[in-house]
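> Have a peek at final31.tsv (TSV, C-alpha atoms).
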```
chain	number	residue	atom	x	y	z
A	1	MET	CA	31.53	12.80	8.28
A	2	ARG	CA	28.90	15.45	8.92
A	3	ASP	CA	28.73	18.31	6.42
A	4	LEU	CA	29.28	21.44	8.52
A	5	VAL	CA	28.96	24.93	7.12
A	6	GLU	CA	30.37	28.07	8.74
A	7	ILE	CA	27.50	30.52	9.13
A	8	GLY	CA	29.49	33.19	10.98
A	9	MET	CA	32.65	33.64	13.03
A	10	GLY	CA	32.91	30.71	15.43
A	11	ARG	CA	29.53	29.24	14.53
A	12	THR	CA	28.86	26.28	12.27
A	13	ALA	CA	25.67	24.51	11.30
A	14	ARG	CA	25.07	21.12	9.83
A	15	ARG	CA	23.90	21.00	6.23
A	16	ALA	CA	20.67	19.01	5.99
A	17	TYR	CA	18.47	17.94	3.11
A	18	ASP	CA	14.76	17.89	2.47
A	19	LEU	CA	12.91	15.37	0.34
A	20	ASP	CA	12.93	17.82	-2.57
A	21	ASP	CA	16.75	17.76	-2.48
A	22	VAL	CA	17.14	14.01	-3.06
A	23	GLU	CA	16.27	11.73	-5.95
A	24	ILE	CA	15.96	7.95	-6.21
A	25	VAL	CA	18.46	6.20	-8.48
A	26	PRO	CA	17.24	3.30	-10.67
A	27	SER	CA	19.16	0.05	-10.39
A	28	ARG	CA	20.20	-2.45	-13.06
A	29	ARG	CA	16.99	-4.45	-12.53
A	30	THR	CA	13.31	-3.65	-13.03
A	31	ARG	CA	10.27	-5.76	-12.25
A	32	SER	CA	6.52	-5.75	-12.73
A	33	SER	CA	4.61	-3.71	-10.16
A	34	ALA	CA	2.25	-6.71	-9.89
A	35	VAL	CA	4.93	-8.59	-7.91
A	36	VAL	CA	5.75	-5.70	-5.58
A	37	SER	CA	4.56	-5.75	-1.95
A	38	THR	CA	3.81	-2.59	0.05
A	39	ALA	CA	2.82	-4.56	3.16
A	40	TRP	CA	3.97	-3.28	6.54
A	41	GLN	CA	3.66	-4.72	10.04
A	42	ILE	CA	4.10	-3.12	13.45
A	43	ASP	CA	3.91	-5.38	16.48
A	44	ALA	CA	1.13	-7.89	15.76
A	45	TYR	CA	-0.70	-5.60	13.32
A	46	ARG	CA	-0.22	-6.04	9.58
A	47	PHE	CA	-1.25	-3.51	6.94
A	48	ASP	CA	-1.29	-3.72	3.16
A	49	LEU	CA	-0.10	-0.11	2.91
A	50	PRO	CA	2.66	1.75	4.81
A	51	LEU	CA	0.05	4.41	5.57
A	52	VAL	CA	-0.83	5.97	8.91
A	53	THR	CA	-3.05	9.04	8.89
A	54	HIS	CA	-1.95	12.26	10.50
A	55	PRO	CA	-4.36	12.50	13.47
A	56	THR	CA	-6.40	15.52	12.51
A	57	ASP	CA	-10.18	15.94	12.51
A	58	ALA	CA	-9.87	17.33	8.97
A	59	ILE	CA	-9.36	13.81	7.58
A	60	VAL	CA	-10.08	11.28	10.35
A	61	SER	CA	-13.61	10.69	11.53
A	62	PRO	CA	-14.72	7.30	12.84
A	63	ALA	CA	-16.11	6.59	9.37
A	64	THR	CA	-12.93	7.53	7.49
A	65	ALA	CA	-10.78	5.61	10.00
A	66	VAL	CA	-12.85	2.54	9.12
A	67	GLU	CA	-12.55	3.15	5.37
A	68	ILE	CA	-8.78	3.69	5.55
A	69	GLY	CA	-8.47	0.50	7.57
A	70	ARG	CA	-10.44	-1.43	4.97
A	71	LEU	CA	-8.21	-0.04	2.24
A	72	GLY	CA	-5.10	-1.30	4.01
A	73	GLY	CA	-3.89	1.64	6.11
A	74	LEU	CA	-4.22	2.77	9.72
A	75	GLY	CA	-6.55	5.63	10.58
A	76	VAL	CA	-5.62	7.46	13.79
A	77	LEU	CA	-8.40	9.34	15.59
A	78	ASN	CA	-7.42	12.45	17.55
A	79	ALA	CA	-8.54	11.65	21.11
A	80	GLU	CA	-8.37	15.36	21.98
A	81	GLY	CA	-10.23	16.48	18.87
A	82	LEU	CA	-13.79	17.36	17.97
A	83	TRP	CA	-15.20	13.83	18.16
A	84	ALA	CA	-14.16	13.74	21.82
A	85	ARG	CA	-15.70	17.14	22.63
A	86	HIS	CA	-18.90	17.59	20.59
A	87	ALA	CA	-21.89	15.32	20.05
A	88	ASP	CA	-22.76	16.74	16.61
A	89	VAL	CA	-19.44	17.05	14.80
A	90	GLU	CA	-21.07	17.33	11.38
A	91	LYS	CA	-22.73	20.55	12.55
A	92	VAL	CA	-19.35	21.81	13.76
A	93	MET	CA	-17.76	20.98	10.41
A	94	ARG	CA	-20.47	22.88	8.54
A	95	GLN	CA	-19.78	25.85	10.82
A	96	LEU	CA	-16.12	25.71	9.85
A	97	ALA	CA	-17.00	25.46	6.16
A	98	ASP	CA	-19.30	28.49	6.43
A	99	THR	CA	-16.63	30.49	8.25
A	100	ALA	CA	-14.14	29.61	5.50
A	101	LYS	CA	-16.30	31.57	3.04
A	102	GLY	CA	-15.33	34.78	4.82
A	103	GLU	CA	-12.22	36.86	4.23
A	104	ASP	CA	-10.57	36.51	7.63
A	105	PRO	CA	-8.25	33.44	7.79
A	106	ALA	CA	-7.72	33.99	11.51
A	107	ALA	CA	-11.47	33.53	12.09
A	108	LEU	CA	-11.11	29.82	11.34
A	109	VAL	CA	-8.33	29.41	13.88
A	110	ARG	CA	-10.33	31.34	16.48
A	111	LEU	CA	-13.31	29.07	15.84
A	112	LEU	CA	-11.17	25.94	16.26
A	113	GLN	CA	-9.74	27.34	19.49
A	114	ASP	CA	-13.25	27.98	20.75
A	115	LEU	CA	-14.47	24.52	19.72
A	116	HIS	CA	-11.52	22.89	21.51
A	117	SER	CA	-12.19	24.84	24.69
A	118	ALA	CA	-15.04	22.39	25.34
A	119	PRO	CA	-13.90	19.57	27.65
A	120	VAL	CA	-13.06	16.10	26.41
A	121	GLN	CA	-15.98	13.81	27.21
A	122	PRO	CA	-14.88	10.19	27.67
A	123	GLU	CA	-18.30	8.87	26.69
A	124	LEU	CA	-18.16	10.66	23.31
A	125	LEU	CA	-14.64	9.38	22.76
A	126	ALA	CA	-15.70	5.83	23.63
A	127	GLU	CA	-18.63	6.03	21.21
A	128	ALA	CA	-16.39	7.21	18.36
A	129	LEU	CA	-13.90	4.41	19.01
A	130	ARG	CA	-16.69	1.84	19.30
A	131	THR	CA	-17.66	2.58	15.69
A	132	ILE	CA	-14.11	1.82	14.56
A	133	ARG	CA	-13.74	-1.26	16.77
A	134	GLU	CA	-17.00	-2.85	15.62
A	135	SER	CA	-15.95	-2.54	11.97
A	136	GLY	CA	-13.10	-4.99	12.57
A	137	VAL	CA	-10.22	-2.68	11.56
A	138	THR	CA	-7.33	-1.83	13.88
A	139	VAL	CA	-8.24	0.89	16.41
A	140	ALA	CA	-5.69	3.69	16.90
A	141	ALA	CA	-5.90	7.02	18.70
A	142	ARG	CA	-3.59	9.94	19.34
A	143	VAL	CA	-2.99	11.80	22.60
A	144	SER	CA	-0.62	14.65	23.36
A	145	PRO	CA	2.20	14.11	25.89
A	146	GLN	CA	0.47	16.59	28.20
A	147	HIS	CA	-2.72	14.55	28.43
A	148	ALA	CA	-1.49	11.01	27.80
A	149	ALA	CA	-1.64	9.87	31.43
A	150	GLU	CA	-5.14	11.29	31.87
A	151	LEU	CA	-6.76	9.98	28.68
A	152	THR	CA	-5.02	6.67	28.04
A	153	PRO	CA	-7.05	4.65	30.57
A	154	HIS	CA	-10.24	5.74	28.76
A	155	LEU	CA	-8.70	4.80	25.40
A	156	ILE	CA	-7.61	1.36	26.56
A	157	ALA	CA	-11.05	0.73	28.03
A	158	ALA	CA	-12.59	1.74	24.69
A	159	GLY	CA	-10.51	-0.84	22.82
A	160	VAL	CA	-7.58	1.14	21.39
A	161	GLU	CA	-5.03	-1.30	19.97
A	162	ILE	CA	-2.28	1.15	18.95
A	163	LEU	CA	-1.63	4.32	20.92
A	164	VAL	CA	0.02	7.34	19.30
A	165	VAL	CA	1.64	9.86	21.65
A	166	GLN	CA	2.34	12.83	19.43
A	167	GLY	CA	3.30	16.44	19.88
A	168	THR	CA	5.03	18.97	17.64
A	169	ILE	CA	8.29	18.10	19.38
A	170	ILE	CA	8.50	15.27	21.91
A	171	SER	CA	11.17	14.01	24.27
A	172	ALA	CA	11.59	10.90	26.38
A	173	GLU	CA	10.39	12.84	29.41
A	174	HIS	CA	7.82	15.62	29.21
A	175	VAL	CA	7.91	18.05	32.14
A	176	SER	CA	5.02	20.45	32.67
A	177	GLY	CA	4.83	23.69	34.60
A	178	ASP	CA	3.09	22.13	37.60
A	179	SER	CA	5.98	19.68	38.12
A	180	ASP	CA	3.99	16.71	36.79
A	181	SER	CA	5.89	14.74	34.20
A	182	LEU	CA	5.30	12.03	31.67
A	183	ASN	CA	8.14	9.57	31.76
A	184	LEU	CA	7.58	7.68	28.53
A	185	LYS	CA	9.61	4.66	29.60
A	186	GLU	CA	7.47	4.14	32.68
A	187	PHE	CA	4.29	5.05	30.80
A	188	ILE	CA	4.92	2.63	27.91
A	189	GLY	CA	6.12	-0.09	30.28
A	190	GLY	CA	2.75	-0.04	32.01
A	191	LEU	CA	0.75	-0.61	28.82
A	192	ASP	CA	-0.17	-3.78	26.96
A	193	VAL	CA	-0.59	-2.00	23.60
A	194	PRO	CA	2.18	-0.81	21.25
A	195	VAL	CA	2.96	2.91	21.40
A	196	ILE	CA	4.09	5.11	18.53
A	197	ALA	CA	5.72	8.33	19.75
A	198	GLY	CA	7.02	11.53	18.15
A	199	GLY	CA	7.84	13.81	16.51
A	200	VAL	CA	11.60	13.89	16.50
A	201	ALA	CA	14.13	15.31	14.09
A	202	ASP	CA	17.53	13.97	15.12
A	203	TYR	CA	19.43	10.79	15.91
A	204	ARG	CA	19.78	11.38	19.65
A	205	THR	CA	16.11	12.02	20.36
A	206	ALA	CA	15.05	9.13	18.14
A	207	MET	CA	17.40	6.83	20.07
A	208	HIS	CA	16.05	8.09	23.41
A	209	LEU	CA	12.47	7.39	22.31
A	210	MET	CA	13.40	3.92	21.10
A	211	ARG	CA	14.88	3.18	24.51
A	212	THR	CA	11.54	3.99	26.14
A	213	GLY	CA	10.05	0.87	24.56
A	214	ALA	CA	8.15	2.65	21.79
A	215	ALA	CA	7.18	0.38	18.91
A	216	GLY	CA	7.46	3.24	16.44
A	217	VAL	CA	9.01	6.71	16.30
A	218	ILE	CA	7.48	9.57	14.30
A	219	VAL	CA	9.97	11.75	12.44
A	220	GLY	CA	8.87	15.31	11.68
A	221	HIS	CA	6.03	17.51	12.83
A	222	GLY	CA	3.53	17.12	10.02
A	223	TYR	CA	4.86	20.02	7.96
A	224	THR	CA	2.60	20.96	5.06
A	225	PRO	CA	3.41	23.99	2.88
A	226	GLY	CA	0.84	26.72	3.40
A	227	VAL	CA	-0.67	24.97	6.44
A	228	THR	CA	1.76	24.35	9.28
A	229	SER	CA	3.69	27.35	10.56
A	230	THR	CA	5.98	25.85	13.20
A	231	ASP	CA	8.99	27.23	11.35
A	232	ARG	CA	7.57	30.77	11.42
A	233	VAL	CA	6.21	30.63	14.97
A	234	LEU	CA	8.95	28.67	16.75
A	235	GLY	CA	11.82	28.89	14.29
A	236	ILE	CA	11.94	25.08	14.23
A	237	GLY	CA	12.21	23.25	10.93
A	238	VAL	CA	12.78	19.62	9.98
A	239	PRO	CA	14.69	18.83	6.75
A	240	MET	CA	12.92	15.53	6.28
A	241	ALA	CA	15.40	13.52	4.20
A	242	THR	CA	18.19	14.03	6.72
A	243	ALA	CA	15.83	13.56	9.69
A	244	ILE	CA	14.51	10.23	8.36
A	245	ILE	CA	18.00	8.95	7.56
A	246	ASP	CA	19.24	9.93	11.04
A	247	ALA	CA	16.30	8.16	12.70
A	248	ALA	CA	16.93	5.10	10.53
A	249	ALA	CA	20.54	5.12	11.75
A	250	ALA	CA	19.26	5.22	15.33
A	251	ARG	CA	16.98	2.28	14.52
A	252	ARG	CA	19.95	0.29	13.19
A	253	ASP	CA	22.13	1.09	16.22
A	254	TYR	CA	19.29	0.33	18.63
A	255	LEU	CA	18.73	-2.99	16.86
A	256	ASP	CA	22.39	-3.84	17.55
A	257	GLU	CA	22.21	-2.50	21.09
A	258	THR	CA	19.23	-4.68	22.01
A	259	GLY	CA	20.19	-7.75	20.04
A	260	GLY	CA	17.26	-7.60	17.67
A	261	ARG	CA	14.49	-5.20	18.80
A	262	TYR	CA	13.25	-3.35	15.72
A	263	VAL	CA	11.58	0.06	16.11
A	264	HIS	CA	9.66	1.43	13.16
A	265	VAL	CA	10.29	4.87	11.70
A	266	LEU	CA	7.27	6.85	10.48
A	267	ALA	CA	7.76	9.96	8.34
A	268	ASP	CA	5.36	12.83	9.07
A	269	GLY	CA	5.96	16.00	7.10
A	270	GLY	CA	6.90	17.27	3.66
A	271	LEU	CA	4.75	14.60	2.00
A	272	SER	CA	2.66	16.34	-0.62
A	273	PHE	CA	3.00	14.04	-3.63
A	274	SER	CA	3.45	10.36	-4.37
A	275	GLY	CA	7.13	10.91	-5.15
A	276	ASP	CA	7.62	12.25	-1.61
A	277	ILE	CA	6.22	9.00	-0.21
A	278	ALA	CA	8.65	6.98	-2.31
A	279	LYS	CA	11.58	9.17	-1.22
A	280	ALA	CA	10.63	8.89	2.46
A	281	ILE	CA	10.64	5.08	2.25
A	282	ALA	CA	13.89	5.19	0.27
A	283	CYS	CA	15.47	7.29	3.05
A	284	GLY	CA	14.59	4.60	5.58
A	285	ALA	CA	11.01	5.18	6.74
A	286	ASP	CA	8.90	2.08	7.37
A	287	ALA	CA	5.66	3.99	6.83
A	288	VAL	CA	4.39	7.51	6.19
A	289	MET	CA	1.86	9.67	8.01
A	290	LEU	CA	-0.33	11.47	5.50
A	291	GLY	CA	-2.46	14.49	6.21
A	292	ALA	CA	-3.16	17.10	3.53
A	293	PRO	CA	-2.97	14.65	0.58
A	294	LEU	CA	-6.01	12.84	2.01
A	295	ALA	CA	-8.00	15.99	2.79
A	296	ALA	CA	-9.16	16.20	-0.81
A	297	ALA	CA	-11.03	12.90	-0.55
A	298	ALA	CA	-14.79	13.04	-0.90
A	299	GLU	CA	-15.14	11.27	2.47
A	300	ALA	CA	-12.87	13.71	4.37
A	301	PRO	CA	-14.87	15.32	7.18
A	302	GLY	CA	-13.15	18.68	6.72
A	303	HIS	CA	-15.18	19.45	3.57
A	304	GLY	CA	-12.11	20.57	1.61
A	305	LEU	CA	-10.32	22.19	4.55
A	306	TYR	CA	-7.15	20.96	6.23
A	307	TRP	CA	-5.49	21.77	9.53
A	308	THR	CA	-3.42	20.00	12.15
A	309	ALA	CA	-4.11	19.70	15.87
A	310	ALA	CA	-1.69	22.58	16.48
A	311	ALA	CA	-4.25	24.97	14.95
A	312	ALA	CA	-6.38	24.73	18.09
A	313	HIS	CA	-3.64	25.60	20.60
A	314	PRO	CA	-5.27	28.16	22.90
A	315	SER	CA	-2.37	30.63	22.98
A	316	LEU	CA	0.13	29.76	20.21
A	317	PRO	CA	-1.45	28.09	17.16
A	318	ARG	CA	1.06	26.65	14.68
A	319	SER	CA	-1.25	25.62	11.86
A	320	ARG	CA	-3.48	27.50	9.49
A	321	VAL	CA	-6.79	26.22	8.19
A	322	ALA	CA	-6.28	25.92	4.45
A	323	ALA	CA	-8.34	24.85	1.46
A	324	VAL	CA	-7.05	21.81	-0.44
A	325	PRO	CA	-7.35	21.04	-4.18
A	326	ASP	CA	-10.55	19.31	-5.18
A	327	PHE	CA	-9.82	16.21	-7.26
A	328	GLU	CA	-13.39	14.88	-7.03
A	329	ALA	CA	-11.92	11.59	-5.87
A	330	ASP	CA	-12.78	9.20	-3.10
A	331	LEU	CA	-10.21	7.71	-0.74
A	332	LYS	CA	-9.81	4.56	-2.79
A	333	THR	CA	-9.02	6.57	-5.91
A	334	LEU	CA	-6.56	8.82	-4.06
A	335	LEU	CA	-4.70	5.77	-2.79
A	336	PHE	CA	-4.95	3.42	-5.79
A	337	GLY	CA	-6.13	5.40	-8.80
A	338	PRO	CA	-6.86	5.47	-11.63
A	339	SER	CA	-5.54	8.99	-12.01
A	340	ALA	CA	-5.82	11.73	-14.59
A	341	ASP	CA	-3.55	13.95	-12.48
A	342	ALA	CA	0.04	14.09	-13.73
A	343	GLU	CA	1.46	15.80	-10.61
A	344	GLY	CA	1.40	12.88	-8.17
A	345	SER	CA	-1.61	13.84	-6.07
A	346	VAL	CA	-3.78	10.85	-6.99
A	347	ASN	CA	-2.92	7.11	-6.97
A	348	LEU	CA	-0.41	7.72	-4.19
A	349	PHE	CA	0.41	4.11	-3.43
A	350	GLY	CA	0.08	2.88	-6.98
A	351	ALA	CA	2.94	5.31	-7.65
A	352	LEU	CA	4.94	3.87	-4.75
A	353	ARG	CA	4.54	0.37	-6.21
A	354	ARG	CA	5.66	1.68	-9.60
A	355	ALA	CA	8.72	3.42	-8.09
A	356	MET	CA	9.71	0.19	-6.36
A	357	ALA	CA	9.18	-1.80	-9.55
A	358	LYS	CA	11.13	0.66	-11.71
A	359	THR	CA	14.10	0.37	-9.37
A	360	GLY	CA	13.89	-3.41	-9.05
A	361	TYR	CA	12.80	-3.83	-5.42
A	362	SER	CA	10.09	-6.23	-4.30
A	363	ASP	CA	9.27	-5.01	-0.78
A	364	LEU	CA	9.65	-1.99	1.47
A	365	LYS	CA	12.66	-3.24	3.42
A	366	GLU	CA	14.57	-3.84	0.19
A	367	PHE	CA	13.53	-0.43	-1.16
A	368	GLN	CA	15.11	1.27	1.86
A	369	ARG	CA	18.48	0.32	0.33
A	370	VAL	CA	17.88	2.05	-3.01
A	371	GLY	CA	20.52	4.52	-4.19
A	372	LEU	CA	20.00	8.25	-3.67
A	373	THR	CA	21.51	11.36	-5.19
A	374	VAL	CA	21.48	14.97	-3.98
A	375	ARG	CA	20.50	17.73	-6.37
A	376	ARG	CA	22.80	20.37	-4.92
```
Mind turning the file's structure into C-alpha cells?

Amino acid sequence: MRDLVEIGMGRTARRAYDLDDVEIVPSRRTRSSAVVSTAWQIDAYRFDLPLVTHPTDAIVSPATAVEIGRLGGLGVLNAEGLWARHADVEKVMRQLADTAKGEDPAALVRLLQDLHSAPVQPELLAEALRTIRESGVTVAARVSPQHAAELTPHLIAAGVEILVVQGTIISAEHVSGDSDSLNLKEFIGGLDVPVIAGGVADYRTAMHLMRTGAAGVIVGHGYTPGVTSTDRVLGIGVPMATAIIDAAAARRDYLDETGGRYVHVLADGGLSFSGDIAKAIACGADAVMLGAPLAAAAEAPGHGLYWTAAAAHPSLPRSRVAAVPDFEADLKTLLFGPSADAEGSVNLFGALRRAMAKTGYSDLKEFQRVGLTVRR
C-alpha cells in the first residue's frame, strides 16, 4: 500500500525516499570480493562495470569515452555538445576555466549558452565518433528528444552502436510547439541499434517507455547537489530510491506482460559516493549513470568543472557550472582505487564489489534482492 500523507485539507501526497534515506542490510552470508562479478550486459553489449557516463562535455570527450570503455564502462558522448559544434574544444575548455576564475557564476552559464548557439556540424560529430569507433570500444551518443529525428541518421552513419535519447523529463511521445512530434515507439522501431531513453521518475512513465521498445530506461534527471537546479527552477524533484524501485516494478510487470522481454533500469541522479552506487543497484537499478564523481579525474575535459547539458539551455538553464574536489586521481583510480579517501569518492566500483561481498551476493542481479531499511 502506498504511504500517503495529508499535506492540507483534501490534498494528499505520496511519501517517497531518497538514497540517503535507505540502508543496505547484511545477510547471513559473506564472501570474498574476488569472487564477485559487476558485469552488466544490455542487448549484445557486455560491460565489466554497471557504469554509463552522464552525457556531459565536462567528463566525456572522445578520449575519455575510449578510456572509460577500456576500463569496462560505457562513455556516452553528447551529440549536441561542444565536440559537435566547435573544431577546437580544448580552446573552448580553457576559456571556461579562465572564466571560472572570475566572481560571477552566471558568466559561466552565459558562456556555455553562447558556445551552444553555434550549429551542430555533422562532420565534427562524425570525426569525434570516429575516434571512439576506431579504438574498438562500444560507441554511444546522446540526443535530446527535440533533435533525435534530425541527428540520429548522422549518428548511425558515424557508427553509433547504442543511442541515448535523454531529456530532463521524457515521455513516450514528445510534442513540440510547431506540431512536430517524436513518437518513440515509431522512432525506436525504425532503428537497428538499442535505444536507452529517459529520464523518468514514476512507474507509469517507465512502463510507457518500456512499451516503446527501449532497451533501457533512465531513472532521474542527473541531480547533483550544488550543480543541477531543476528542483528550484521547475519545482520537479526525484526521490531516487523510490523512483528506482518503481521503475524496477515496471520492469518486472513488463517482463510478465511480454513473456520475457527485459528492459534495463539506469539510475541517473543523487549518486555522489560509492555507497550511493551500491544503494541504487540494491533498489533495482541494472547500472548507474555517473557525472560529477568522474569530473575530478585527471583526464576529465572540464578541467575541474562540472555541468550538465541543461546548463546550456538558451532561455531556462537548469544546471550551474561548479568546481569539483580535486583528488589528483586518474579515471582508473577513481573507479578501482587504491584510495586514501575515507568518504567514498575514490575506488567507486571497488566499493560496490565490497558491498556485494559483505552482504553475500555474487552478481548484480542477486544484489538487487538485498534487504533494505529506511532511516525514518
> Could you give me, as a Markdown table, every region 111-229 of chain A residue with an atom at most 6 Å from region 239-262 of chain A, plus its closest atom pair and distance in Å to one decimal, counting all atoms listed in the file, rows ordered by chain then number?

```
| residue | atom | partner | partner_atom | distance |
| --- | --- | --- | --- | --- |
| A:Ala201 | CA | A:Ala243 | CA | 5.0 |
| A:Asp202 | CA | A:Ala243 | CA | 5.7 |
| A:Tyr203 | CA | A:Asp246 | CA | 4.9 |
| A:Ala206 | CA | A:Ala247 | CA | 5.7 |
| A:Met207 | CA | A:Ala250 | CA | 5.3 |
```
> Could you work out how far CA of Leu163 (chain A) lies from CA of Leu111 (chain A), giving the answer in Å with one decimal?
27.8 Å
> Give me the residues of region 197-277 of chain A that have any atom at most 8 Å from an atom of region 30-52 of chain A; for each, the nearest atom pair and the distance in Å, rounded to one decimal. Use all atoms listed in the file, sort by chain and number, and format it as a tab-separated table.

```
residue	atom	partner	partner_atom	distance
A:Ala215	CA	A:Asp43	CA	7.1
A:Gly216	CA	A:Ile42	CA	7.8
A:His264	CA	A:Ile42	CA	7.2
```
> Quick one, how far is CA of Pro225 (chain A) from CA of Ala287 (chain A)?
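Those two atoms sit 20.5 Å apart.
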> Quick one: distance from CA of Leu19 (chain A) to CA of Arg375 (chain A) in Å, one decimal?
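Value for the CA of Leu19 (chain A)-CA of Arg375 (chain A) distance: 10.4 Å.
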> Restricting the calculation to only C-alpha atoms: of A:Thr230, A:Thr53, A:Ser345, A:Asn78, which residue gets closest to Leu266 (chain A)?
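Closest residue, counting only C-alpha atoms: A:Thr53.
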> Determine the nearest neighbour of Pro293 (chain A) from the options A:Phe367, A:Phe273, A:Trp83, A:Trp307, counting all atoms listed in the file.
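Of A:Phe367, A:Phe273, A:Trp83, A:Trp307, the one nearest Pro293 (chain A), counting all atoms listed in the file, is A:Phe273.
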> Skip region 54-67 of chain A itself and residues of its chain fewer than 3 positions away, then list as a ChimeraX atom specification all residues within 8 Å of it, counting all atoms listed in the file.
/A:70-71,74-78,81-83,128-129,131-132,135,137,141-142,222,268,289-291,294-295,299-303,305-309,331
> Identify, on the basis of all atoms listed in the file, every residue whose closest approach to Arg232 (chain A) does not exceed 12 Å; exclude the query and any residue fewer than 2 positions from it along the same chain; express the result as a PyMOL selection string.
chain A and resi 223+225-230+234-237+316-320
> Leaving out Arg130 (chain A) and any residue of its chain fewer than 2 positions from it, which residues lie within 10 Å of it when counting only C-alpha atoms, given as a list of chain:residue names?
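Neighbouring residues, sequence-local ones excluded: A:Pro62, A:Leu124, A:Leu125, A:Ala126, A:Glu127, A:Ala128, A:Ile132, A:Arg133, A:Glu134, A:Ser135, A:Val139, A:Ala158, A:Gly159, A:Val160.
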> Of the residues A:Tyr17, A:Ala351, A:Ser315, A:Leu364, which is the one nearest to Val233 (chain A), using all atoms listed in the file?
A:Ser315
> Measuring atom to atom with all atoms listed in the file, identify which of A:Glu150, A:Leu96, A:Gln121, A:Ile68 is nearest to Leu334 (chain A).
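Of A:Glu150, A:Leu96, A:Gln121, A:Ile68, the one nearest Leu334 (chain A) is A:Ile68, counting all atoms listed in the file.
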> Find, counting all atoms listed in the file, the residue in A:Asp330, A:Asp231, A:Asp363, A:Asp286 that gets nearest to Asn347 (chain A).
A:Asp330
> If I put a ball of radius 10 Å at (13.3, 1.4, 25.0) in the file's coordinates, which residues poke into it when counting all atoms listed in the file, written as number ranges by chain?
A: 172, 184-185, 188-189, 207-215, 254, 258, 261, 263
> For the residues selected in the previous step, produce a file with C-alpha atoms as a PDB file, keeping the file's coordinate frame.

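Written output follows (out11.pdb):
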```pdb
ATOM      1  CA  ALA A 172      11.590  10.900  26.380  1.00  0.00           C
ATOM      2  CA  LEU A 184       7.580   7.680  28.530  1.00  0.00           C
ATOM      3  CA  LYS A 185       9.610   4.660  29.600  1.00  0.00           C
ATOM      4  CA  ILE A 188       4.920   2.630  27.910  1.00  0.00           C
ATOM      5  CA  GLY A 189       6.120  -0.090  30.280  1.00  0.00           C
ATOM      6  CA  MET A 207      17.400   6.830  20.070  1.00  0.00           C
ATOM      7  CA  HIS A 208      16.050   8.090  23.410  1.00  0.00           C
ATOM      8  CA  LEU A 209      12.470   7.390  22.310  1.00  0.00           C
ATOM      9  CA  MET A 210      13.400   3.920  21.100  1.00  0.00           C
ATOM     10  CA  ARG A 211      14.880   3.180  24.510  1.00  0.00           C
ATOM     11  CA  THR A 212      11.540   3.990  26.140  1.00  0.00           C
ATOM     12  CA  GLY A 213      10.050   0.870  24.560  1.00  0.00           C
ATOM     13  CA  ALA A 214       8.150   2.650  21.790  1.00  0.00           C
ATOM     14  CA  ALA A 215       7.180   0.380  18.910  1.00  0.00           C
ATOM     15  CA  TYR A 254      19.290   0.330  18.630  1.00  0.00           C
ATOM     16  CA  THR A 258      19.230  -4.680  22.010  1.00  0.00           C
ATOM     17  CA  ARG A 261      14.490  -5.200  18.800  1.00  0.00           C
ATOM     18  CA  VAL A 263      11.580   0.060  16.110  1.00  0.00           C
TER      19      VAL A 263
END
```
> Pick out the residues sitting within 12 Å of region 339-344 of chain A, and hand them over as an MDAnalysis selection string; count all atoms listed in the file, and ignore anything fewer than 2 positions along from it in its own chain.
chainID A and resid 271:278 293 325:330 332:337 346:352 355
> Residues proximal to (12.5, -1.3, -15.2) were defined as those with any atom within 12 Å of that point in the file's coordinates, counting all atoms listed in the file. Which are they, as a ChimeraX atom specification?
/A:25-33,354-361
> Considering all atoms listed in the file, state which residue in the set A:Val165, A:Ala84, A:Leu151, A:Val238 is at the smallest distance from Ser117 (chain A).
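Of A:Val165, A:Ala84, A:Leu151, A:Val238, the one nearest Ser117 (chain A) is A:Ala84, counting all atoms listed in the file.
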> Can you tell me which residues surround Ala149 (chain A) at a distance of at most 10 Å, considering only C-alpha atoms, apart from same-chain residues fewer than 2 positions away, and format the answer as a PyMOL selection string?
chain A and resi 143-147+151-154+181-184+187
> Some atoms are absent from region 149-158 of chain A, so rebuild N, CA and C atoms and return them as a PDB file, in the frame of the given file.

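Output file rebuild_23.pdb is given in full below:
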```
ATOM      1  N   ALA A 149      -1.349  10.616  30.201  1.00  0.00           N
ATOM      2  CA  ALA A 149      -1.640   9.870  31.430  1.00  0.00           C
ATOM      3  C   ALA A 149      -3.125   9.942  31.784  1.00  0.00           C
ATOM      4  N   GLU A 150      -3.731  11.086  31.522  1.00  0.00           N
ATOM      5  CA  GLU A 150      -5.140  11.290  31.870  1.00  0.00           C
ATOM      6  C   GLU A 150      -6.090  10.530  30.952  1.00  0.00           C
ATOM      7  N   LEU A 151      -5.809  10.524  29.647  1.00  0.00           N
ATOM      8  CA  LEU A 151      -6.760   9.980  28.680  1.00  0.00           C
ATOM      9  C   LEU A 151      -6.529   8.514  28.325  1.00  0.00           C
ATOM     10  N   THR A 152      -5.315   8.032  28.483  1.00  0.00           N
ATOM     11  CA  THR A 152      -5.020   6.670  28.040  1.00  0.00           C
ATOM     12  C   THR A 152      -5.883   5.605  28.697  1.00  0.00           C
ATOM     13  N   PRO A 153      -6.159   5.672  30.000  1.00  0.00           N
ATOM     14  CA  PRO A 153      -7.050   4.650  30.570  1.00  0.00           C
ATOM     15  C   PRO A 153      -8.408   4.575  29.877  1.00  0.00           C
ATOM     16  N   HIS A 154      -8.964   5.732  29.482  1.00  0.00           N
ATOM     17  CA  HIS A 154     -10.240   5.740  28.760  1.00  0.00           C
ATOM     18  C   HIS A 154     -10.078   5.094  27.374  1.00  0.00           C
ATOM     19  N   LEU A 155      -8.938   5.356  26.737  1.00  0.00           N
ATOM     20  CA  LEU A 155      -8.700   4.800  25.400  1.00  0.00           C
ATOM     21  C   LEU A 155      -8.542   3.287  25.454  1.00  0.00           C
ATOM     22  N   ILE A 156      -7.799   2.808  26.423  1.00  0.00           N
ATOM     23  CA  ILE A 156      -7.610   1.360  26.560  1.00  0.00           C
ATOM     24  C   ILE A 156      -8.938   0.680  26.840  1.00  0.00           C
ATOM     25  N   ALA A 157      -9.741   1.292  27.707  1.00  0.00           N
ATOM     26  CA  ALA A 157     -11.050   0.730  28.030  1.00  0.00           C
ATOM     27  C   ALA A 157     -11.964   0.711  26.810  1.00  0.00           C
ATOM     28  N   ALA A 158     -11.751   1.665  25.892  1.00  0.00           N
ATOM     29  CA  ALA A 158     -12.590   1.740  24.690  1.00  0.00           C
ATOM     30  C   ALA A 158     -12.087   0.826  23.573  1.00  0.00           C
TER      31      ALA A 158
END
```
